[in-house]
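One file, coords15.pdb, carrying PDB, C-alpha atoms:
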ATOM      1  CA  ALA A   1       0.000   0.000   0.000
ATOM      2  CA  ASP A   2       2.869   2.367   0.750
ATOM      3  CA  TRP A   3       4.237   2.198  -2.776
ATOM      4  CA  GLN A   4       0.773   2.833  -4.203
ATOM      5  CA  ARG A   5       0.356   5.902  -2.022
ATOM      6  CA  ASP A   6       3.809   7.082  -3.120
ATOM      7  CA  LEU A   7       2.798   6.567  -6.751
ATOM      8  CA  ALA A   8      -0.303   8.693  -6.203
ATOM      9  CA  LEU A   9       1.845  11.402  -4.610
ATOM     10  CA  GLY A  10       4.047  11.314  -7.697
ATOM     11  CA  HIS A  11       1.059  11.829  -9.985
ATOM     12  CA  ASP A  12      -0.091  14.693  -7.777
ATOM     13  CA  ALA A  13       3.326  16.356  -7.815
ATOM     14  CA  LEU A  14       3.504  16.108 -11.592
ATOM     15  CA  GLY A  15      -0.022  17.456 -11.874
ATOM     16  CA  GLU A  16       0.874  20.460  -9.733
ATOM     17  CA  ALA A  17       4.004  21.084 -11.793
ATOM     18  CA  LEU A  18       1.924  21.033 -14.974
ATOM     19  CA  GLN A  19      -0.578  23.415 -13.382
ATOM     20  CA  GLY A  20       2.292  25.792 -12.649
ATOM     21  CA  ARG A  21       3.107  25.787 -16.367
ATOM     22  CA  GLY A  22      -0.538  26.260 -17.331
ATOM     23  CA  VAL A  23      -0.762  22.828 -18.963
ATOM     24  CA  TRP A  24      -4.224  22.043 -17.646
ATOM     25  CA  VAL A  25      -5.249  19.068 -19.789
ATOM     26  CA  GLU A  26      -2.160  17.063 -18.856
ATOM     27  CA  ALA A  27      -2.515  18.171 -15.223
ATOM     28  CA  GLU A  28      -6.050  16.783 -15.200
ATOM     29  CA  VAL A  29      -4.756  13.419 -16.442
ATOM     30  CA  GLU A  30      -2.228  13.237 -13.597
ATOM     31  CA  HIS A  31      -4.730  14.225 -10.906
ATOM     32  CA  ARG A  32      -7.245  11.674 -12.197
ATOM     33  CA  ALA A  33      -4.554   9.004 -12.018
ATOM     34  CA  ALA A  34      -3.803   9.978  -8.416
ATOM     35  CA  LEU A  35      -7.511   9.906  -7.558
ATOM     36  CA  GLY A  36      -7.922   6.438  -9.053
ATOM     37  CA  ILE A  37      -5.104   5.008  -6.949
ATOM     38  CA  ARG A  38      -6.268   6.721  -3.765
ATOM     39  CA  ALA A  39      -9.875   5.665  -4.243
ATOM     40  CA  ARG A  40      -8.792   2.016  -4.566
ATOM     41  CA  LEU A  41      -6.740   2.268  -1.396
ATOM     42  CA  ALA A  42      -9.586   3.936   0.487
ATOM     43  CA  ARG A  43     -11.989   1.172  -0.524
ATOM     44  CA  GLN A  44      -9.601  -1.392   0.930
ATOM     45  CA  ASP A  45      -9.769   0.213   4.373
ATOM     46  CA  SER A  46     -12.562   2.712   4.956
ATOM     47  CA  SER A  47     -11.331   3.280   8.529
ATOM     48  CA  ASN A  48      -7.991   4.693   7.361
ATOM     49  CA  SER A  49      -8.520   8.438   7.759
ATOM     50  CA  VAL A  50      -5.283   9.323   5.968
ATOM     51  CA  TRP A  51      -6.361   7.459   2.850
ATOM     52  CA  GLN A  52      -9.822   9.005   3.024
ATOM     53  CA  ARG A  53      -8.277  12.471   3.317
ATOM     54  CA  ASP A  54      -6.039  11.707   0.328
ATOM     55  CA  VAL A  55      -9.144  10.980  -1.758
ATOM     56  CA  ALA A  56     -10.701  14.278  -0.659
ATOM     57  CA  LEU A  57      -7.580  16.223  -1.600
ATOM     58  CA  SER A  58      -7.475  14.544  -5.021
ATOM     59  CA  HIS A  59     -11.057  15.635  -5.627
ATOM     60  CA  ALA A  60     -10.064  19.161  -4.589
ATOM     61  CA  ASN A  61      -7.074  19.127  -6.952
ATOM     62  CA  LEU A  62      -9.292  18.016  -9.819
ATOM     63  CA  GLY A  63     -11.779  20.717  -8.949
ATOM     64  CA  GLU A  64      -9.073  23.360  -9.248
ATOM     65  CA  VAL A  65      -7.959  22.109 -12.652
ATOM     66  CA  LEU A  66     -11.509  21.890 -13.958
ATOM     67  CA  ARG A  67     -12.216  25.447 -12.837
ATOM     68  CA  HIS A  68      -9.243  26.684 -14.840
ATOM     69  CA  GLU A  69     -10.673  24.776 -17.810
ATOM     70  CA  GLN A  70     -13.948  26.692 -17.220
ATOM     71  CA  ARG A  71     -15.783  23.459 -16.391
ATOM     72  CA  GLU A  72     -17.387  24.870 -13.283
ATOM     73  CA  GLY A  73     -20.161  22.293 -13.005
ATOM     74  CA  GLU A  74     -17.695  19.397 -12.936
ATOM     75  CA  ALA A  75     -15.455  21.283 -10.541
ATOM     76  CA  ILE A  76     -18.347  21.796  -8.120
ATOM     77  CA  GLU A  77     -19.071  18.055  -8.122
ATOM     78  CA  HIS A  78     -15.493  17.276  -7.114
ATOM     79  CA  TYR A  79     -15.467  19.994  -4.464
ATOM     80  CA  ARG A  80     -18.683  18.554  -3.039
ATOM     81  CA  ARG A  81     -17.174  15.102  -2.850
ATOM     82  CA  ALA A  82     -14.118  16.516  -1.090
ATOM     83  CA  ARG A  83     -16.355  18.465   1.301
ATOM     84  CA  ASP A  84     -18.472  15.430   2.151
ATOM     85  CA  ILE A  85     -15.462  13.210   2.866
ATOM     86  CA  LEU A  86     -13.831  15.851   5.039
ATOM     87  CA  ALA A  87     -17.065  16.562   6.909
ATOM     88  CA  SER A  88     -17.238  12.869   7.795
ATOM     89  CA  LEU A  89     -13.612  12.902   8.955
ATOM     90  CA  VAL A  90     -14.225  15.969  11.119
ATOM     91  CA  LYS A  91     -17.126  14.182  12.815
ATOM     92  CA  LEU A  92     -14.881  11.209  13.560
ATOM     93  CA  ASP A  93     -11.947  13.351  14.721
ATOM     94  CA  PRO A  94     -13.249  16.806  15.707
ATOM     95  CA  ARG A  95      -9.907  17.864  17.183
ATOM     96  CA  ASN A  96      -7.994  17.384  13.948
ATOM     97  CA  MET A  97      -7.193  20.930  12.846
ATOM     98  CA  GLY A  98      -5.961  19.762   9.451
ATOM     99  CA  PHE A  99      -9.261  18.112   8.604
ATOM    100  CA  GLN A 100     -11.166  21.193   9.731
ATOM    101  CA  HIS A 101      -8.988  23.546   7.707
ATOM    102  CA  ASN A 102      -9.312  21.391   4.597
ATOM    103  CA  LEU A 103     -13.083  21.346   5.083
ATOM    104  CA  ALA A 104     -13.159  25.149   5.259
ATOM    105  CA  ARG A 105     -11.141  25.291   2.044
ATOM    106  CA  GLN A 106     -13.659  23.104   0.209
ATOM    107  CA  HIS A 107     -16.525  25.332   1.284
ATOM    108  CA  GLN A 108     -14.520  28.298  -0.008
ATOM    109  CA  HIS A 109     -13.815  26.554  -3.311
ATOM    110  CA  LEU A 110     -17.510  25.756  -3.691
ATOM    111  CA  GLY A 111     -18.296  29.419  -3.123
ATOM    112  CA  GLU A 112     -15.776  30.547  -5.721
ATOM    113  CA  ALA A 113     -17.077  28.096  -8.313
ATOM    114  CA  ALA A 114     -20.708  29.058  -7.641
ATOM    115  CA  PHE A 115     -19.859  32.766  -7.896
ATOM    116  CA  ALA A 116     -18.134  32.146 -11.228
ATOM    117  CA  GLN A 117     -21.386  30.561 -12.448
ATOM    118  CA  GLY A 118     -23.334  33.633 -11.397
ATOM    119  CA  LYS A 119     -25.013  31.759  -8.524
ATOM    120  CA  ALA A 120     -24.550  34.408  -5.863
ATOM    121  CA  ALA A 121     -26.927  32.841  -3.324
ATOM    122  CA  ASP A 122     -25.075  29.517  -3.483
ATOM    123  CA  ALA A 123     -21.788  31.378  -3.099
ATOM    124  CA  VAL A 124     -23.096  33.213  -0.020
ATOM    125  CA  SER A 125     -24.126  29.894   1.536
ATOM    126  CA  ALA A 126     -20.772  28.223   0.851
ATOM    127  CA  TYR A 127     -18.698  31.190   2.024
ATOM    128  CA  SER A 128     -20.783  31.390   5.197
ATOM    129  CA  GLU A 129     -19.995  27.732   5.910
ATOM    130  CA  ALA A 130     -16.290  28.352   5.306
ATOM    131  CA  LEU A 131     -16.335  31.346   7.630
ATOM    132  CA  ALA A 132     -18.127  29.403  10.369
ATOM    133  CA  GLN A 133     -15.522  26.642  10.132
ATOM    134  CA  LEU A 134     -12.670  29.151  10.367
ATOM    135  CA  GLU A 135     -14.343  30.784  13.368
ATOM    136  CA  ARG A 136     -14.387  27.389  15.088
ATOM    137  CA  LEU A 137     -10.702  26.954  14.333
ATOM    138  CA  THR A 138      -9.983  30.419  15.715
ATOM    139  CA  GLY A 139     -11.845  29.536  18.895
ATOM    140  CA  ALA A 140      -9.868  26.316  19.278
ATOM    141  CA  GLN A 141      -6.491  27.940  18.507
ATOM    142  CA  PRO A 142      -6.813  31.667  19.225
ATOM    143  CA  ASP A 143      -3.057  32.246  18.903
ATOM    144  CA  ASN A 144      -2.796  30.755  15.413
ATOM    145  CA  PRO A 145      -2.883  33.666  12.908
ATOM    146  CA  LEU A 146      -3.587  31.319   9.996
ATOM    147  CA  TRP A 147      -7.260  31.043  10.961
ATOM    148  CA  PRO A 148      -8.181  34.748  11.248
ATOM    149  CA  ARG A 149      -6.192  35.520   8.113
ATOM    150  CA  GLY A 150      -8.170  32.886   6.249
ATOM    151  CA  ALA A 151     -11.386  34.224   7.751
ATOM    152  CA  ALA A 152     -10.610  37.763   6.554
ATOM    153  CA  ARG A 153     -10.092  36.504   3.007
ATOM    154  CA  VAL A 154     -13.383  34.602   3.115
ATOM    155  CA  GLU A 155     -15.164  37.676   4.491
ATOM    156  CA  LEU A 156     -14.038  39.654   1.461
ATOM    157  CA  LEU A 157     -15.306  36.916  -0.863
ATOM    158  CA  LEU A 158     -18.573  36.788   1.078
ATOM    159  CA  ALA A 159     -18.951  40.560   0.718
ATOM    160  CA  GLN A 160     -18.550  40.229  -3.052
ATOM    161  CA  ALA A 161     -21.282  37.590  -3.197
ATOM    162  CA  LEU A 162     -23.564  39.657  -0.961
ATOM    163  CA  VAL A 163     -23.138  42.670  -3.238
ATOM    164  CA  ALA A 164     -24.199  40.492  -6.175
ATOM    165  CA  SER A 165     -27.216  39.396  -4.106
ATOM    166  CA  SER A 166     -28.037  43.031  -3.198
ATOM    167  CA  GLU A 167     -27.816  42.179   0.519
ATOM    168  CA  PHE A 168     -26.214  45.478   1.455
ATOM    169  CA  GLU A 169     -26.947  45.396   5.168
ATOM    170  CA  ARG A 170     -25.074  42.114   5.425
ATOM    171  CA  VAL A 171     -22.234  43.611   3.379
ATOM    172  CA  ARG A 172     -21.797  46.271   6.050
ATOM    173  CA  ALA A 173     -21.720  43.702   8.853
ATOM    174  CA  VAL A 174     -19.258  41.439   7.045
ATOM    175  CA  LEU A 175     -16.862  44.253   6.159
ATOM    176  CA  ARG A 176     -16.956  45.644   9.684
ATOM    177  CA  ALA A 177     -16.093  42.176  10.992
ATOM    178  CA  CYS A 178     -13.272  41.900   8.460
ATOM    179  CA  ARG A 179     -11.909  45.310   9.458
ATOM    180  CA  ALA A 180     -12.022  44.392  13.155
ATOM    181  CA  ARG A 181     -10.306  41.063  12.468
ATOM    182  CA  LEU A 182      -7.448  42.675  10.549
ATOM    183  CA  ARG A 183      -7.046  45.338  13.240
ATOM    184  CA  ARG A 184      -6.778  42.625  15.906
ATOM    185  CA  LEU A 185      -4.133  40.841  13.873
ATOM    186  CA  ARG A 186      -2.153  44.053  13.464
ATOM    187  CA  ALA A 187      -2.481  44.906  17.160
ATOM    188  CA  SER A 188      -1.218  41.439  18.127
ATOM    189  CA  GLY A 189       2.068  42.123  16.333
ATOM    190  CA  ILE A 190       1.315  40.055  13.224
ATOM    191  CA  LYS A 191       2.745  41.700  10.108
ATOM    192  CA  LEU A 192      -0.018  41.969   7.548
ATOM    193  CA  ASP A 193       0.885  40.954   4.017
ATOM    194  CA  PRO A 194       0.542  43.551   1.228
ATOM    195  CA  GLN A 195      -2.930  42.344   0.236
ATOM    196  CA  GLU A 196      -4.150  42.521   3.836
ATOM    197  CA  GLN A 197      -2.616  45.969   4.290
ATOM    198  CA  SER A 198      -4.322  47.221   1.128
ATOM    199  CA  LEU A 199      -7.670  45.786   2.228
ATOM    200  CA  LEU A 200      -7.416  47.330   5.671
ATOM    201  CA  ARG A 201      -6.514  50.728   4.189
ATOM    202  CA  ARG A 202      -9.630  50.574   2.055
ATOM    203  CA  LEU A 203     -11.797  49.543   5.001
ATOM    204  CA  GLU A 204     -10.361  52.399   7.062
ATOM    205  CA  GLY A 205     -10.324  54.859   4.157
ATOM    206  CA  LYS A 206     -11.709  58.339   4.474
ATOM    207  CA  ALA A 207     -12.186  59.108   0.788
ATOM    208  CA  GLY A 208     -15.519  58.721  -0.974
ATOM    209  CA  HIS A 209     -17.623  55.700  -0.131
ATOM    210  CA  ILE A 210     -14.720  53.343   0.545
ATOM    211  CA  GLU A 211     -15.134  53.626   4.294
ATOM    212  CA  ILE A 212     -17.853  51.309   5.565
ATOM    213  CA  GLU A 213     -19.793  54.147   7.165
ATOM    214  CA  GLY A 214     -20.050  55.687   3.708
ATOM    215  CA  LEU A 215     -22.101  52.841   2.261
ATOM    216  CA  PRO A 216     -25.619  53.910   1.336
ATOM    217  CA  SER A 217     -28.193  53.548   4.096
ATOM    218  CA  ALA A 218     -31.650  52.083   3.640
ATOM    219  CA  PRO A 219     -33.531  52.575   1.470
ATOM    220  CA  VAL A 220     -30.692  51.460  -0.786
ATOM    221  CA  ASP A 221     -30.185  52.601  -4.340
ATOM    222  CA  GLU A 222     -28.880  49.385  -5.892
ATOM    223  CA  GLU A 223     -27.014  50.983  -8.761
ATOM    224  CA  GLU A 224     -25.235  53.469  -6.512
ATOM    225  CA  ALA A 225     -24.382  50.848  -3.905
ATOM    226  CA  ILE A 226     -22.846  48.425  -6.382
ATOM    227  CA  ARG A 227     -20.912  51.250  -8.028
ATOM    228  CA  ASP A 228     -19.600  52.409  -4.649
ATOM    229  CA  LEU A 229     -18.486  48.861  -3.864
ATOM    230  CA  GLY A 230     -16.766  48.337  -7.204
ATOM    231  CA  TRP A 231     -13.404  47.844  -5.508
ATOM    232  CA  LEU A 232     -14.759  44.596  -4.018
ATOM    233  CA  GLY A 233     -14.668  42.999  -7.426
ATOM    234  CA  GLY A 234     -18.413  42.595  -7.700
ATOM    235  CA  PRO A 235     -20.261  42.519 -11.016
ATOM    236  CA  GLU A 236     -20.259  45.709 -13.029
ATOM    237  CA  LYS A 237     -23.583  47.336 -13.690
TER     238      LYS A 237
END
Would you kindly transcribe this structure into structure tokens?
Amino acid sequence: ADWQRDLALGHDALGEALQGRGVWVEAEVEHRAALGIRARLARQDSSNSVWQRDVALSHANLGEVLRHEQREGEAIEHYRRARDILASLVKLDPRNMGFQHNLARQHQHLGEAAFAQGKAADAVSAYSEALAQLERLTGAQPDNPLWPRGAARVELLLAQALVASSEFERVRAVLRACRARLRRLRASGIKLDPQEQSLLRRLEGKAGHIEIEGLPSAPVDEEEAIRDLGWLGGPEK
């Protein structure tokens, strides 16, 4: 079994290398080969959580490749399979931070794929699940900056989906939470990366409608609100 797992890892590594070169068709072939091997191993011993996790990660890898090939529907199916496997593993081992983090990532991937399809409501649901999972991780490991940093990124994605859904009151709440999270990170001595610094500057900005307090209040003019939030990357009107 060890050599088979090593062979699957080799296919995965080659697939990732091909992805780095933008050779998506060949990368898909390698990731499907890895998935086939891992699925056979997992069927041999359904109690082996490492093998089950390997299958989930192969589904996630395939999902990423398929998204780059603009095959969003197929990508979503693989992300769902990864999510379901990881959700089962989390139930069996709720203290495993790796399983929980991987589960949050699959929810995020599902949100990204749904948003790319124009399914804003589905994206909101998936991002909300990812955020809830990251909040649980933060509660379990409050000193680990990886979790709040991930949560801040998901909050930005969630805000984009909420803009597309015209849920502007929720946009305010999400962006305020994101701003507070980044401020806490900065105050704790964590050096924000350039993307985080740029986001926080925008959330704290004083010019125009970039500052959260400058968002339109109810009743909301949809056109104006979406235009004011253009820097979120939402759909152009």
I'd like to see the residues matched by the PyMOL selection byres ((chain A and resi 138-154) around 8) on this file, and ideally I'd get them as a PyMOL selection string.
chain A and resi 108+127+130-131+134-137+155-158+178+181-182+185+190
Put a box with edges along x, y and z around all the listed atoms of range 30-42 of chain A, pad it by 5 Å on each side, then give me its centre and sizes in Å, one decimal, as AutoDock Vina command-line options.
--center_x -6.1 --center_y 8.1 --center_z -6.6 --size_x 17.6 --size_y 22.2 --size_z 24.1
Point-to-point distance from CA of Ser46 in chain A to CA of Arg80 in chain A, Å rounded to tenths
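Interatomic distance here is 18.8 Å.
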Could you tell me, as an mmCIF file with C-alpha atoms, in the coordinates of the input, which residues have any atom at most 12 Å from (-4.9, 10.0, 1.6), counting only C-alpha atoms?
data_model
loop_
_atom_site.group_PDB
_atom_site.id
_atom_site.type_symbol
_atom_site.label_atom_id
_atom_site.label_comp_id
_atom_site.auth_asym_id
_atom_site.auth_seq_id
_atom_site.Cartn_x
_atom_site.Cartn_y
_atom_site.Cartn_z
ATOM 1 C CA ALA A 1 0.000 0.000 0.000
ATOM 2 C CA ASP A 2 2.869 2.367 0.750
ATOM 3 C CA GLN A 4 0.773 2.833 -4.203
ATOM 4 C CA ARG A 5 0.356 5.902 -2.022
ATOM 5 C CA ASP A 6 3.809 7.082 -3.120
ATOM 6 C CA LEU A 7 2.798 6.567 -6.751
ATOM 7 C CA ALA A 8 -0.303 8.693 -6.203
ATOM 8 C CA LEU A 9 1.845 11.402 -4.610
ATOM 9 C CA ASP A 12 -0.091 14.693 -7.777
ATOM 10 C CA ALA A 34 -3.803 9.978 -8.416
ATOM 11 C CA LEU A 35 -7.511 9.906 -7.558
ATOM 12 C CA GLY A 36 -7.922 6.438 -9.053
ATOM 13 C CA ILE A 37 -5.104 5.008 -6.949
ATOM 14 C CA ARG A 38 -6.268 6.721 -3.765
ATOM 15 C CA ALA A 39 -9.875 5.665 -4.243
ATOM 16 C CA ARG A 40 -8.792 2.016 -4.566
ATOM 17 C CA LEU A 41 -6.740 2.268 -1.396
ATOM 18 C CA ALA A 42 -9.586 3.936 0.487
ATOM 19 C CA ARG A 43 -11.989 1.172 -0.524
ATOM 20 C CA ASP A 45 -9.769 0.213 4.373
ATOM 21 C CA SER A 46 -12.562 2.712 4.956
ATOM 22 C CA SER A 47 -11.331 3.280 8.529
ATOM 23 C CA ASN A 48 -7.991 4.693 7.361
ATOM 24 C CA SER A 49 -8.520 8.438 7.759
ATOM 25 C CA VAL A 50 -5.283 9.323 5.968
ATOM 26 C CA TRP A 51 -6.361 7.459 2.850
ATOM 27 C CA GLN A 52 -9.822 9.005 3.024
ATOM 28 C CA ARG A 53 -8.277 12.471 3.317
ATOM 29 C CA ASP A 54 -6.039 11.707 0.328
ATOM 30 C CA VAL A 55 -9.144 10.980 -1.758
ATOM 31 C CA ALA A 56 -10.701 14.278 -0.659
ATOM 32 C CA LEU A 57 -7.580 16.223 -1.600
ATOM 33 C CA SER A 58 -7.475 14.544 -5.021
ATOM 34 C CA HIS A 59 -11.057 15.635 -5.627
ATOM 35 C CA ALA A 82 -14.118 16.516 -1.090
ATOM 36 C CA ILE A 85 -15.462 13.210 2.866
ATOM 37 C CA LEU A 86 -13.831 15.851 5.039
ATOM 38 C CA LEU A 89 -13.612 12.902 8.955
ATOM 39 C CA PHE A 99 -9.261 18.112 8.604
#
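For Leu162 in chain A, the list of residues within 10 Å, based on only C-alpha atoms and with local chain neighbours fewer than 4 positions off taken out, reads Ala120, Ala121, Ala123, Val124, Leu156, Leu157, Leu158, Ser166, Glu167, Phe168, Glu169, Arg170, Val171, Arg172, Val174 and Gly234 of chain A.
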By how many Å are CA of Asn102 in chain A and CA of Arg83 in chain A apart?
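Straight-line distance from CA of Asn102 in chain A to CA of Arg83 in chain A works out to 8.3 Å.
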Name the residues, using the chain letters and numbers of the file, that sit within 12 Å of (-12.9, 25.8, -17.3) when counting all atoms listed in the file, and give them as a PyMOL selection string.
chain A and resi 24-25+28+62-76+113+116-117
d(CA of Tyr79 in chain A, CA of Gln195 in chain A) in Å:
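Result for CA of Tyr79 in chain A versus CA of Gln195 in chain A: 26.1 Å, one decimal.
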